[in-house]
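Chemist: For reference, the file data17.txt (compact mmCIF, C-alpha atoms) is included below:
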# COMPACT_ATOMS: atom_id res chain seq x y z
CA MET H 1 17.88 32.02 21.38
CA SER H 2 15.24 31.71 18.83
CA GLU H 3 11.83 30.61 19.78
CA ASP H 4 11.39 28.45 16.72
CA PHE H 5 10.92 24.74 16.37
CA LYS H 6 10.34 22.29 13.58
CA VAL H 7 7.01 20.89 12.48
CA GLU H 8 6.49 18.03 10.10
CA ILE H 9 3.13 16.92 8.80
CA VAL H 10 3.03 13.51 7.17
CA ASN H 11 0.14 11.84 5.43
CA PRO H 12 0.23 8.28 4.13
CA GLU H 13 1.02 9.33 0.59
CA LYS H 14 3.81 11.78 1.24
CA SER H 15 5.49 14.19 3.55
CA PHE H 16 2.91 16.92 3.43
CA LEU H 17 4.72 19.84 5.00
CA ILE H 18 8.01 20.54 6.73
CA LYS H 19 8.58 23.90 8.35
CA GLU H 20 11.59 24.88 10.40
CA ASP H 21 10.68 28.32 11.68
CA VAL H 22 7.48 27.71 13.57
CA SER H 23 6.78 29.65 16.71
CA GLU H 24 3.46 28.16 17.73
CA VAL H 25 1.17 25.36 16.67
CA VAL H 26 -2.37 24.88 17.89
CA VAL H 27 -3.73 21.38 17.37
CA PRO H 28 -7.25 20.08 18.03
CA ALA H 29 -6.22 17.36 20.48
CA PHE H 30 -8.76 14.83 21.60
CA GLU H 31 -9.32 16.46 24.96
CA GLY H 32 -9.39 20.00 23.71
CA GLU H 33 -7.27 22.42 21.74
CA MET H 34 -3.64 22.38 22.64
CA GLY H 35 -1.07 25.06 21.92
CA ILE H 36 2.50 23.92 21.52
CA LEU H 37 5.45 26.25 21.97
CA LYS H 38 9.15 25.61 21.94
CA ASP H 39 10.52 23.30 24.66
CA HIS H 40 7.19 21.71 25.33
CA ILE H 41 7.45 18.46 27.26
CA SER H 42 7.53 15.27 25.12
CA ILE H 43 3.97 14.40 24.42
CA ILE H 44 1.88 12.01 22.38
CA SER H 45 -1.76 12.69 21.74
CA PHE H 46 -4.30 12.18 19.02
CA LEU H 47 -6.49 14.55 17.13
CA LYS H 48 -10.16 15.03 16.63
CA PRO H 49 -11.55 16.80 13.57
CA GLY H 50 -10.58 20.44 13.67
CA ILE H 51 -8.19 23.10 12.52
CA ILE H 52 -4.42 23.04 12.91
CA LYS H 53 -3.04 26.53 13.23
CA ILE H 54 0.62 27.03 12.46
CA SER H 55 2.19 30.38 13.26
CA SER H 56 5.57 31.18 11.80
CA LYS H 57 7.50 34.22 10.65
CA SER H 58 5.97 33.98 7.23
CA GLY H 59 2.49 34.22 8.70
CA GLU H 60 -0.24 31.97 9.85
CA GLU H 61 -1.45 28.84 8.11
CA ASN H 62 -4.59 26.87 8.79
CA TYR H 63 -5.23 23.26 7.94
CA TYR H 64 -8.32 21.17 8.29
CA VAL H 65 -7.72 17.66 9.66
CA GLU H 66 -10.08 14.80 10.39
CA ASP H 67 -7.89 12.60 12.51
CA GLY H 68 -4.28 12.00 13.38
CA ILE H 69 -1.58 11.64 15.96
CA VAL H 70 0.76 14.31 17.28
CA GLU H 71 4.13 13.56 18.71
CA PHE H 72 6.37 16.24 20.17
CA LYS H 73 9.92 15.40 21.08
CA ASN H 74 13.16 17.42 21.23
CA ASN H 75 11.49 20.38 19.58
CA ASN H 76 10.27 18.25 16.71
CA LEU H 77 6.57 18.16 16.19
CA SER H 78 5.32 15.32 14.01
CA ILE H 79 1.72 15.19 12.96
CA LEU H 80 0.50 12.01 11.29
CA THR H 81 -2.83 12.34 9.62
CA SER H 82 -4.74 10.64 6.83
CA THR H 83 -6.83 13.65 5.81
CA ILE H 84 -5.38 17.12 5.69
CA ILE H 85 -6.46 20.07 3.58
CA ASN H 86 -5.06 23.57 3.50
CA LEU H 87 -7.90 25.92 4.35
CA THR H 88 -7.07 28.19 1.42
CA GLU H 89 -7.66 25.24 -0.89
CA LEU H 90 -10.85 24.18 0.79
CA ASP H 91 -13.51 25.87 -1.32
CA LYS H 92 -17.22 25.86 -0.76
CA SER H 93 -18.07 22.86 -2.92
CA LYS H 94 -15.38 20.68 -1.36
CA GLN H 95 -16.55 21.73 2.06
CA GLN H 96 -20.13 20.82 1.20
CA ASP H 97 -19.00 17.42 -0.06
CA LEU H 98 -17.18 16.70 3.17
CA LEU H 99 -20.13 17.93 5.19
CA LYS H 100 -22.51 15.70 3.29
CA LEU H 101 -20.24 12.72 3.82
CA ALA H 102 -20.04 13.42 7.53
CA GLU H 103 -23.79 13.86 7.83
CA ASN H 104 -24.39 10.55 6.11
CA GLU H 105 -22.07 8.94 8.56
CA ALA H 106 -23.80 10.59 11.49
CA ASN H 107 -27.16 9.29 10.34
CA ASN H 108 -25.84 5.76 10.40
CA THR H 109 -27.28 4.42 13.64
CA LYS H 110 -24.89 1.50 13.89
CA ILE H 111 -21.79 3.46 14.81
CA ASN H 112 -20.55 3.48 18.37
CA ASP H 113 -20.50 6.42 20.75
CA GLN H 114 -16.94 7.45 20.14
CA SER H 115 -17.18 7.59 16.38
CA LYS H 116 -20.51 9.35 16.77
CA TYR H 117 -18.79 11.97 18.86
CA LEU H 118 -16.03 12.38 16.27
CA VAL H 119 -18.50 12.71 13.43
CA ASP H 120 -20.46 15.32 15.33
CA GLN H 121 -17.23 17.21 15.86
CA LYS H 122 -16.50 17.01 12.18
CA ILE H 123 -19.87 18.44 11.26
CA GLU H 124 -19.49 21.21 13.78
CA VAL H 125 -16.09 22.22 12.47
CA LEU H 126 -17.19 22.10 8.85
CA ARG H 127 -20.27 24.20 9.58
CA SER H 128 -18.25 26.74 11.48
CA LEU H 129 -16.06 27.30 8.44
CA ASN H 130 -18.86 28.87 6.49
CA MET P 1 9.49 -27.42 -43.91
CA ALA P 2 7.01 -24.60 -43.66
CA SER P 3 6.19 -22.84 -46.86
CA LEU P 4 7.53 -19.41 -47.66
CA ASP P 5 4.18 -17.79 -47.09
CA ASP P 6 3.79 -19.37 -43.66
CA LEU P 7 7.21 -18.16 -42.61
CA LYS P 8 6.44 -14.67 -43.76
CA LYS P 9 3.26 -14.64 -41.73
CA ARG P 10 5.01 -15.92 -38.64
CA ILE P 11 7.71 -13.29 -38.88
CA ALA P 12 5.06 -10.60 -39.14
CA SER P 13 3.16 -11.93 -36.14
CA VAL P 14 6.26 -12.20 -33.94
CA LYS P 15 7.21 -8.69 -34.93
CA SER P 16 3.87 -7.30 -33.92
CA THR P 17 4.01 -9.16 -30.61
CA GLN P 18 7.42 -7.63 -30.08
CA LYS P 19 5.94 -4.20 -30.64
CA ILE P 20 3.35 -4.85 -27.96
CA THR P 21 5.82 -6.15 -25.40
CA LYS P 22 8.11 -3.23 -26.10
CA ALA P 23 5.30 -0.78 -25.52
CA MET P 24 4.29 -2.56 -22.32
CA LYS P 25 7.85 -2.37 -21.12
CA MET P 26 7.94 1.36 -21.70
CA VAL P 27 4.64 1.88 -19.90
CA ALA P 28 5.78 -0.28 -16.99
CA ALA P 29 9.02 1.68 -16.74
CA ALA P 30 7.13 4.96 -16.52
CA LYS P 31 4.68 3.58 -13.99
CA LEU P 32 7.49 2.02 -12.01
CA ARG P 33 9.11 5.37 -11.49
CA ARG P 34 5.90 6.81 -10.15
CA ALA P 35 5.18 3.79 -7.96
CA GLN P 36 8.69 3.83 -6.58
CA GLU P 37 8.38 7.50 -5.81
CA SER P 38 5.15 7.08 -3.92
CA ALA P 39 6.55 4.08 -2.06
CA GLU P 40 9.42 6.24 -0.92
CA LYS P 41 7.14 9.11 -0.01
CA GLY P 42 4.91 6.81 1.99
CA ARG P 43 7.75 5.48 4.06
CA PRO P 44 8.03 8.32 6.64
CA TYR P 45 4.42 7.84 7.69
CA SER P 46 4.67 4.15 8.43
CA GLU P 47 8.05 4.60 10.08
CA LYS P 48 6.82 7.38 12.33
CA MET P 49 3.72 5.39 13.16
CA ASN P 50 5.87 2.42 14.03
CA ASN P 51 8.06 4.52 16.32
CA VAL P 52 5.13 6.02 18.15
CA ILE P 53 3.63 2.61 18.75
CA LEU P 54 6.96 1.28 19.90
CA ASN P 55 7.31 4.11 22.37
CA LEU P 56 3.77 3.67 23.55
CA SER P 57 3.83 -0.05 24.01
CA SER P 58 7.06 0.08 25.95
CA GLY P 59 5.32 2.48 28.30
CA ILE P 60 2.48 0.12 28.98
CA SER P 61 2.99 -1.55 32.30
CA ASP P 62 -0.12 -3.62 32.47
CA LYS P 63 0.38 -6.13 29.67
CA GLU P 64 -2.71 -8.13 30.46
CA ASN P 65 -5.09 -5.31 29.85
CA ALA P 66 -3.34 -4.09 26.75
CA PRO P 67 -5.53 -3.67 23.69
CA LYS P 68 -6.25 -6.95 21.96
CA LEU P 69 -4.83 -5.76 18.67
CA LEU P 70 -1.47 -5.61 20.42
CA SER P 71 -1.60 -8.59 22.70
CA GLY P 72 -3.74 -10.91 20.61
CA SER P 73 -6.98 -12.60 21.48
CA GLY P 74 -5.23 -15.16 23.67
CA ASN P 75 -5.81 -17.91 21.16
CA ASP P 76 -3.90 -19.13 18.18
CA LYS P 77 -6.49 -21.22 16.39
CA VAL P 78 -7.86 -19.29 13.45
CA HIS P 79 -5.46 -17.64 11.06
CA LEU P 80 -6.50 -14.98 8.61
CA CYS P 81 -4.25 -14.49 5.62
CA VAL P 82 -4.51 -11.41 3.47
CA VAL P 83 -2.92 -12.27 0.14
CA MET P 84 -2.16 -9.18 -1.88
CA THR P 85 -1.64 -9.58 -5.61
CA SER P 86 -2.11 -7.51 -8.73
CA ASP P 87 -5.22 -7.08 -10.84
CA ARG P 88 -3.39 -7.51 -14.10
CA GLY P 89 -1.30 -10.32 -15.49
CA LEU P 90 1.76 -10.37 -17.72
CA CYS P 91 4.11 -9.44 -14.94
CA GLY P 92 6.43 -12.43 -14.78
CA GLY P 93 6.61 -14.34 -11.55
CA PHE P 94 5.13 -11.53 -9.47
CA ASN P 95 1.84 -13.15 -8.54
CA THR P 96 3.17 -16.69 -8.63
CA ASN P 97 5.82 -15.85 -6.07
CA ILE P 98 3.32 -14.44 -3.59
CA ILE P 99 1.00 -17.38 -4.09
CA LYS P 100 3.84 -19.83 -3.65
CA LYS P 101 4.85 -18.18 -0.39
CA ALA P 102 1.25 -18.11 0.79
CA LYS P 103 0.62 -21.73 -0.14
CA SER P 104 3.63 -23.00 1.77
CA TYR P 105 2.41 -21.01 4.77
CA PHE P 106 -1.07 -22.50 4.37
CA ALA P 107 0.40 -25.99 4.27
CA LYS P 108 2.28 -25.34 7.49
CA LEU P 109 -0.88 -24.06 9.16
CA LYS P 110 -2.71 -27.17 8.07
CA GLU P 111 0.00 -29.36 9.52
CA ASP P 112 -0.30 -27.59 12.83
CA GLY P 113 -4.03 -28.12 12.81
CA LYS P 114 -4.93 -24.45 12.57
CA GLN P 115 -8.01 -23.12 10.90
CA LEU P 116 -7.45 -20.99 7.83
CA LYS P 117 -9.33 -18.03 6.39
CA ILE P 118 -8.23 -16.08 3.36
CA ILE P 119 -8.90 -12.60 2.05
CA THR P 120 -7.52 -11.95 -1.40
CA VAL P 121 -6.69 -8.45 -2.57
CA GLY P 122 -6.35 -8.26 -6.32
CA SER P 123 -8.11 -10.52 -8.79
CA LYS P 124 -5.06 -12.50 -9.91
CA GLY P 125 -4.51 -13.98 -6.49
CA ASN P 126 -8.15 -14.92 -6.27
CA ASP P 127 -7.93 -16.69 -9.62
CA GLN P 128 -4.96 -18.74 -8.54
CA LEU P 129 -6.16 -19.64 -5.06
CA LYS P 130 -9.78 -20.32 -6.00
CA ARG P 131 -9.17 -23.86 -7.12
CA ALA P 132 -7.25 -25.24 -4.16
CA TYR P 133 -8.56 -23.02 -1.37
CA GLY P 134 -11.90 -21.84 -2.71
CA ASP P 135 -13.80 -22.79 0.43
CA LYS P 136 -11.33 -20.86 2.62
CA ILE P 137 -11.63 -17.54 0.81
CA ILE P 138 -14.02 -15.41 2.80
CA SER P 139 -13.65 -12.23 0.81
CA ASN P 140 -12.11 -10.88 -2.35
CA VAL P 141 -11.25 -7.24 -2.82
CA SER P 142 -10.08 -5.70 -6.03
CA PHE P 143 -9.16 -2.13 -6.82
CA LYS P 144 -9.27 -2.25 -10.58
CA GLU P 145 -10.77 1.22 -10.79
CA SER P 146 -8.03 2.91 -8.78
CA LYS P 147 -5.18 4.01 -11.00
CA HIS P 148 -2.61 3.78 -8.24
CA ALA P 149 -2.53 2.61 -4.66
CA ASN P 150 -4.28 5.07 -2.37
CA TYR P 151 -4.86 5.20 1.32
CA PHE P 152 -8.64 4.97 1.18
CA ASP P 153 -8.50 1.58 -0.47
CA ALA P 154 -6.06 0.41 2.18
CA GLU P 155 -8.32 1.76 4.88
CA LYS P 156 -11.24 -0.22 3.46
CA VAL P 157 -9.28 -3.44 3.76
CA GLY P 158 -7.99 -2.44 7.18
CA LYS P 159 -11.45 -1.72 8.50
CA MET P 160 -12.71 -5.02 7.19
CA VAL P 161 -9.90 -6.88 8.95
CA ILE P 162 -10.51 -5.06 12.22
CA LYS P 163 -14.23 -5.67 12.09
CA LYS P 164 -13.64 -9.36 11.65
CA PHE P 165 -11.14 -9.34 14.49
CA GLU P 166 -13.57 -7.62 16.79
CA ALA P 167 -16.20 -10.19 15.87
CA GLU P 168 -13.63 -12.79 16.95
CA GLU P 169 -13.57 -14.45 13.57
CA PHE P 170 -9.84 -14.99 13.73
CA ASP P 171 -6.88 -14.78 16.12
CA VAL P 172 -3.83 -14.08 13.99
CA CYS P 173 -3.61 -12.03 10.83
CA THR P 174 -0.78 -12.18 8.31
CA ILE P 175 -0.40 -10.21 5.12
CA PHE P 176 1.41 -11.45 2.02
CA PHE P 177 2.99 -9.06 -0.43
CA ASN P 178 6.08 -8.53 -2.53
CA GLN P 179 8.69 -6.26 -1.11
CA PHE P 180 10.37 -4.13 -3.72
CA LYS P 181 14.12 -4.45 -3.62
CA ASN P 182 15.04 -3.46 -7.12
CA VAL P 183 13.71 -3.91 -10.63
CA ILE P 184 14.90 -7.50 -10.92
CA THR P 185 14.40 -8.61 -7.33
CA GLN P 186 11.17 -8.65 -5.40
CA ILE P 187 10.98 -10.59 -2.20
CA PRO P 188 7.69 -12.19 -1.21
CA GLN P 189 6.99 -11.32 2.40
CA ALA P 190 4.73 -12.63 5.11
CA GLN P 191 4.11 -10.04 7.81
CA GLN P 192 2.06 -10.62 10.90
CA ILE P 193 -0.04 -7.58 11.75
CA ILE P 194 -2.35 -8.95 14.45
CA PRO P 195 -1.20 -9.35 17.14
CA LEU P 196 1.47 -6.80 16.48
CA ASN P 197 4.96 -8.12 16.93
CA VAL P 198 6.53 -5.23 18.80
CA GLU P 199 9.65 -6.97 19.99
CA ASN P 200 10.87 -7.84 16.54
CA SER P 201 10.18 -4.59 14.77
CA GLU P 202 12.93 -2.11 14.27
CA GLY P 203 12.89 1.55 15.11
CA ASP P 204 14.60 4.02 17.33
CA LYS P 205 13.33 3.36 20.75
CA SER P 206 13.80 6.43 22.80
CA GLU P 207 14.29 6.38 26.50
CA ASP P 208 12.49 9.66 27.01
CA SER P 209 9.34 9.50 28.93
CA TYR P 210 6.37 10.94 27.19
CA GLU P 211 3.39 12.66 28.51
CA PHE P 212 0.21 11.13 27.21
CA GLU P 213 -3.06 12.81 26.68
CA PRO P 214 -5.37 10.97 27.23
CA ASP P 215 -3.68 7.91 28.76
CA GLU P 216 -1.61 5.28 26.94
CA ASP P 217 -4.35 2.72 26.62
CA GLU P 218 -6.72 5.06 24.94
CA ILE P 219 -4.16 6.36 22.51
CA LEU P 220 -3.05 2.86 21.70
CA SER P 221 -6.55 1.60 21.08
CA ASN P 222 -6.98 4.53 18.71
CA LEU P 223 -3.66 4.11 17.05
CA LEU P 224 -3.57 0.37 16.47
CA PRO P 225 -6.44 0.22 13.99
CA LYS P 226 -4.77 3.03 12.06
CA ASN P 227 -1.55 1.11 12.09
CA ILE P 228 -3.27 -1.87 10.47
CA SER P 229 -4.42 0.31 7.60
CA THR P 230 -0.99 1.88 7.38
CA GLN P 231 0.72 -1.49 7.17
CA ILE P 232 -1.69 -2.61 4.48
CA PHE P 233 -1.13 0.61 2.61
CA LYS P 234 2.62 0.12 2.84
CA ALA P 235 2.19 -3.39 1.47
CA MET P 236 0.08 -2.01 -1.37
CA LEU P 237 2.73 0.55 -2.27
CA GLU P 238 5.49 -2.03 -2.19
CA ASN P 239 3.32 -4.33 -4.23
CA SER P 240 2.57 -1.81 -6.93
CA ALA P 241 6.24 -0.91 -7.30
CA SER P 242 7.12 -4.61 -7.41
CA GLU P 243 4.41 -5.31 -9.95
CA GLN P 244 5.67 -2.69 -12.36
CA GLY P 245 9.28 -3.72 -11.84
CA SER P 246 8.42 -7.33 -12.43
CA ARG P 247 6.41 -6.49 -15.51
CA MET P 248 9.17 -4.35 -16.86
CA SER P 249 11.78 -7.09 -16.64
CA ALA P 250 9.33 -9.70 -17.94
CA MET P 251 8.50 -7.56 -20.95
CA ASP P 252 12.15 -6.78 -21.51
CA ASN P 253 12.83 -10.50 -21.70
CA ALA P 254 9.88 -11.04 -23.97
CA THR P 255 11.07 -8.32 -26.32
CA ARG P 256 14.52 -9.83 -26.47
CA ASN P 257 13.15 -13.31 -27.07
CA ALA P 258 10.94 -12.02 -29.84
CA GLY P 259 13.97 -10.38 -31.45
CA GLU P 260 15.88 -13.65 -31.37
CA MET P 261 12.93 -15.46 -32.85
CA VAL P 262 12.62 -12.96 -35.68
CA ASP P 263 16.30 -13.42 -36.50
CA LYS P 264 15.97 -17.17 -36.56
CA LEU P 265 12.86 -17.09 -38.68
CA THR P 266 14.41 -14.64 -41.11
CA ILE P 267 17.38 -16.92 -41.66
CA GLU P 268 15.07 -19.84 -42.23
CA TYR P 269 12.98 -17.76 -44.62
CA ASN P 270 16.00 -16.70 -46.65
CA ARG P 271 17.31 -20.24 -46.77
CA SER P 272 14.11 -21.69 -48.06
CA ARG P 273 13.77 -18.85 -50.57
CA GLN P 274 17.20 -19.64 -51.92
CA ALA P 275 16.46 -23.34 -51.95
CA ALA P 276 13.36 -22.66 -54.02
CA ILE P 277 15.34 -20.56 -56.49
CA THR P 278 18.04 -23.21 -56.79
CA LYS P 279 15.41 -25.87 -57.34
CA GLU P 280 13.82 -23.85 -60.12
CA LEU P 281 17.18 -23.24 -61.79
CA ILE P 282 18.03 -26.94 -61.73
CA GLU P 283 14.68 -27.70 -63.30
CA ILE P 284 15.21 -25.16 -66.08
CA ILE P 285 18.76 -26.33 -66.82
CA SER P 286 17.89 -30.01 -66.85
CA GLY P 287 14.88 -29.21 -69.02
CA ALA P 288 17.13 -27.34 -71.52
CA GLU P 289 19.65 -30.17 -71.55
CA SER P 290 17.11 -32.75 -72.44
CA LEU P 291 16.17 -30.90 -75.63
Just dump the structure as structure tokens.
Modeler:
Amino acid sequence: MSEDFKVEIVNPEKSFLIKEDVSEVVVPAFEGEMGILKDHISIISFLKPGIIKISSKSGEENYYVEDGIVEFKNNNLSILTSTIINLTELDKSKQQDLLKLAENEANNTKINDQSKYLVDQKIEVLRSLN
Amino acid sequence: MASLDDLKKRIASVKSTQKITKAMKMVAAAKLRRAQESAEKGRPYSEKMNNVILNLSSGISDKENAPKLLSGSGNDKVHLCVVMTSDRGLCGGFNTNIIKKAKSYFAKLKEDGKQLKIITVGSKGNDQLKRAYGDKIISNVSFKESKHANYFDAEKVGKMVIKKFEAEEFDVCTIFFNQFKNVITQIPQAQQIIPLNVENSEGDKSEDSYEFEPDEDEILSNLLPKNISTQIFKAMLENSASEQGSRMSAMDNATRNAGEMVDKLTIEYNRSRQAAITKELIEIISGAESL
């Protein structure tokens, strides 16, 4: 028996990534990082800003996400997200742009506690990438 | 009868119009392919989103405390209509069809004594609704700068709608757009997005029980606002494919009509040219005879 399962990442514009031979995925779920292996129980959760780590035979891939929903069912992992960037494509200037955007948002005093928390997370993740 | 010179000028002008409509048709055809592609690519996201919500809402036992975006505000007095049209004209009945659909809905609301608020997306819809419903339009959004529909624009509209809902400015929200069926057929649609009509939506409802982290309510209240944006984005994609399809067939017709007109004018031109020649000949002959 193989230990592989299928992962599909979809963003509103297209199907971003489909991989069949994934052995482990680590997602930044809202209540902490969550590792998903084969035959995980059916689960729905949503994401906070962070890094998705996908381990497969062909190596490890890292993606930066800002939000999203994960659904795992019958060894199919679907990740719906509006912002996803492959870490290898995320260069310094892009990272700085995102950071600046997040900092502007954080300085906005009108936002509520939950979005404040998410923005703080975003800043933390972006800074840690340096 | 028009003089020869006039006819010549008209033929030239119709021909140049034909050139323009032909070019527009080509451009629309190219854009249509791209718009159709992105509409197809965008479909998995909205479908998946729909399924997740379906699964979630069926798991909610306590209907009374369900998020308001799902269950509604409890009232049915103020209706918000988001009318989505294009920013450019010359696309046949595309905008007119949406407006017609929206107007009949407005009339029904009025009959039922409901209050109406309108948000127009796209400048053409605003132009057409301004006269009759100017006082009802609370906002007008236009994405002239964006080359094609993108999610951030949809999110802007979605956030605006949600903010107004949270401020209790309306109870029911409906979006109007054209669904793309094929190049010749686009169906104007009215879709209610707040409160979400879960019972009527399609999707594979699974019987599996899910584990939720955190609990259902929290996920739902996070997911529903995203779903609004997603639905609006879907409508935008459908709309842009419909717009190009509609423009393509309109311009195809225009090109054909211009061709027919050129033919007709050419015949008329040749006839009057011959008539002029004949007239001149008769004059010469009768002049020679009289000598």
Chemist: So which residues touch range 181-192 of chain P within 8 Å, counting only C-alpha atoms, skipping near sequence neighbours fewer than 3 positions away, as number ranges by chain?
Modeler: P: 94, 97-98, 101-102, 172-178, 195-197, 242, 245-246, 248-249
Chemist: What gap, in Å, lies between CA of Val161 in chain P and CA of Met49 in chain P?
Modeler: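 Those two atoms sit 18.8 Å apart.
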Chemist: Might you pull out every residue within 6 Å of Val25 in chain H, with all atoms listed in the file counted and same-chain residues fewer than 5 positions away left off, and present them as a list in words?
Modeler: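 Selected residues are Gly35, Ile36, Lys53 and Ile54 of chain H.
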Chemist: Between CA of His148 in chain P and CA of Ser115 in chain H, what is the distance, to one decimal in Å?
Modeler: 28.9 Å
Chemist: Of the candidates H:Leu101, H:Arg127, H:Val10, H:Ile43, which shows the shortest atom-to-atom distance to Glu47 in chain P, using all atoms listed in the file?
Modeler: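 Smallest distance to Glu47 in chain P is found for H:Val10.
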Chemist: Any idea what the distance is between CA of Asp4 in chain H and CA of Val26 in chain H?
Modeler: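 Here the two named atoms are 14.3 Å from each other.
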Chemist: Could you list, as a list in words, every residue within 9 Å of Lys226 in chain P, counting all atoms listed in the file and ignoring same-chain residues fewer than 5 positions away?
Modeler: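 Final neighbour list, sorted by chain and number: Met49, Glu155, Gly158, Lys159 and Gln231 of chain P.
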Chemist: Taking only C-alpha atoms into account, which of H:Phe46, H:Leu98, H:Asn86, H:Ile18 comes nearest chain P?
Modeler: H:Phe46
Chemist: Enumerate as a VMD selection string the residues belonging to chain H that approach chain P to within 9 Å, with all atoms listed in the file taken into account.
Modeler: chain H and resid 10 to 15 29 to 31 41 to 46 68 to 69 71 to 73 78 80 to 82
Chemist: Applying 12 Å and only C-alpha atoms, which residues near Ser221 in chain P remain after dropping the ones on its own chain fewer than 6 positions away? List them as JSON, numbers by chain.
Modeler: {"H": [46, 114], "P": [53, 56, 57, 65, 66, 67, 68, 69, 70, 71, 162, 214, 215, 227, 228]}
Chemist: Please tell me which residues are no farther than 10 Å from (-2.1, -16.8, -10.1) in the file, counting only C-alpha atoms, and write them as a list in words.
Modeler: Thr85, Ser86, Gly89, Gly93, Phe94, Asn95, Thr96, Asn97, Ile98, Ile99, Lys100, Ser123, Lys124, Gly125, Asn126, Asp127, Gln128, Leu129 and Lys130 of chain P
Chemist: Could you write out that same residue set with C-alpha atoms as a PDB file, in the frame of the given file?
Modeler:
ATOM      1  CA  THR P  85      -1.640  -9.580  -5.610  1.00  0.00           C
ATOM      2  CA  SER P  86      -2.110  -7.510  -8.730  1.00  0.00           C
ATOM      3  CA  GLY P  89      -1.300 -10.320 -15.490  1.00  0.00           C
ATOM      4  CA  GLY P  93       6.610 -14.340 -11.550  1.00  0.00           C
ATOM      5  CA  PHE P  94       5.130 -11.530  -9.470  1.00  0.00           C
ATOM      6  CA  ASN P  95       1.840 -13.150  -8.540  1.00  0.00           C
ATOM      7  CA  THR P  96       3.170 -16.690  -8.630  1.00  0.00           C
ATOM      8  CA  ASN P  97       5.820 -15.850  -6.070  1.00  0.00           C
ATOM      9  CA  ILE P  98       3.320 -14.440  -3.590  1.00  0.00           C
ATOM     10  CA  ILE P  99       1.000 -17.380  -4.090  1.00  0.00           C
ATOM     11  CA  LYS P 100       3.840 -19.830  -3.650  1.00  0.00           C
ATOM     12  CA  SER P 123      -8.110 -10.520  -8.790  1.00  0.00           C
ATOM     13  CA  LYS P 124      -5.060 -12.500  -9.910  1.00  0.00           C
ATOM     14  CA  GLY P 125      -4.510 -13.980  -6.490  1.00  0.00           C
ATOM     15  CA  ASN P 126      -8.150 -14.920  -6.270  1.00  0.00           C
ATOM     16  CA  ASP P 127      -7.930 -16.690  -9.620  1.00  0.00           C
ATOM     17  CA  GLN P 128      -4.960 -18.740  -8.540  1.00  0.00           C
ATOM     18  CA  LEU P 129      -6.160 -19.640  -5.060  1.00  0.00           C
ATOM     19  CA  LYS P 130      -9.780 -20.320  -6.000  1.00  0.00           C
TER      20      LYS P 130
END
Chemist: I'd like the contact shell of Glu103 in chain H - 10 Å cut-off, only C-alpha atoms, skipping same-chain residues fewer than 6 positions apart - returned as number ranges by chain.
Modeler: H: 97, 119-120, 122-123
Chemist: Could you write those residues out with C-alpha atoms, as a CSV table (one decimal), in the coordinates of the input?
Modeler:
chain,number,residue,atom,x,y,z
H,97,ASP,CA,-19.0,17.4,-0.1
H,119,VAL,CA,-18.5,12.7,13.4
H,120,ASP,CA,-20.5,15.3,15.3
H,122,LYS,CA,-16.5,17.0,12.2
H,123,ILE,CA,-19.9,18.4,11.3
Chemist: Pick the closest to Glu89 in chain H from H:Glu8, H:Glu33, H:Glu61, H:Glu66: which is it, counting all atoms listed in the file?
Modeler: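 Residue with the minimum atom-to-atom distance to Glu89 in chain H: H:Glu61.
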Chemist: Between P:Lys147, P:Lys77, P:Lys117, P:Lys164, which is the closest to Asp135 in chain P once you count all atoms listed in the file?
Modeler: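 Closest candidate: P:Lys117.
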Chemist: Please determine an axis-aligned box that encloses all atoms of range 43-48 of chain P listed in the file, with 6 Å added on each side, and express its centre and edge lengths in Å to one decimal as JSON.
Modeler:
{"center_x": 6.2, "center_y": 6.2, "center_z": 8.2, "size_x": 15.6, "size_y": 16.2, "size_z": 20.3}
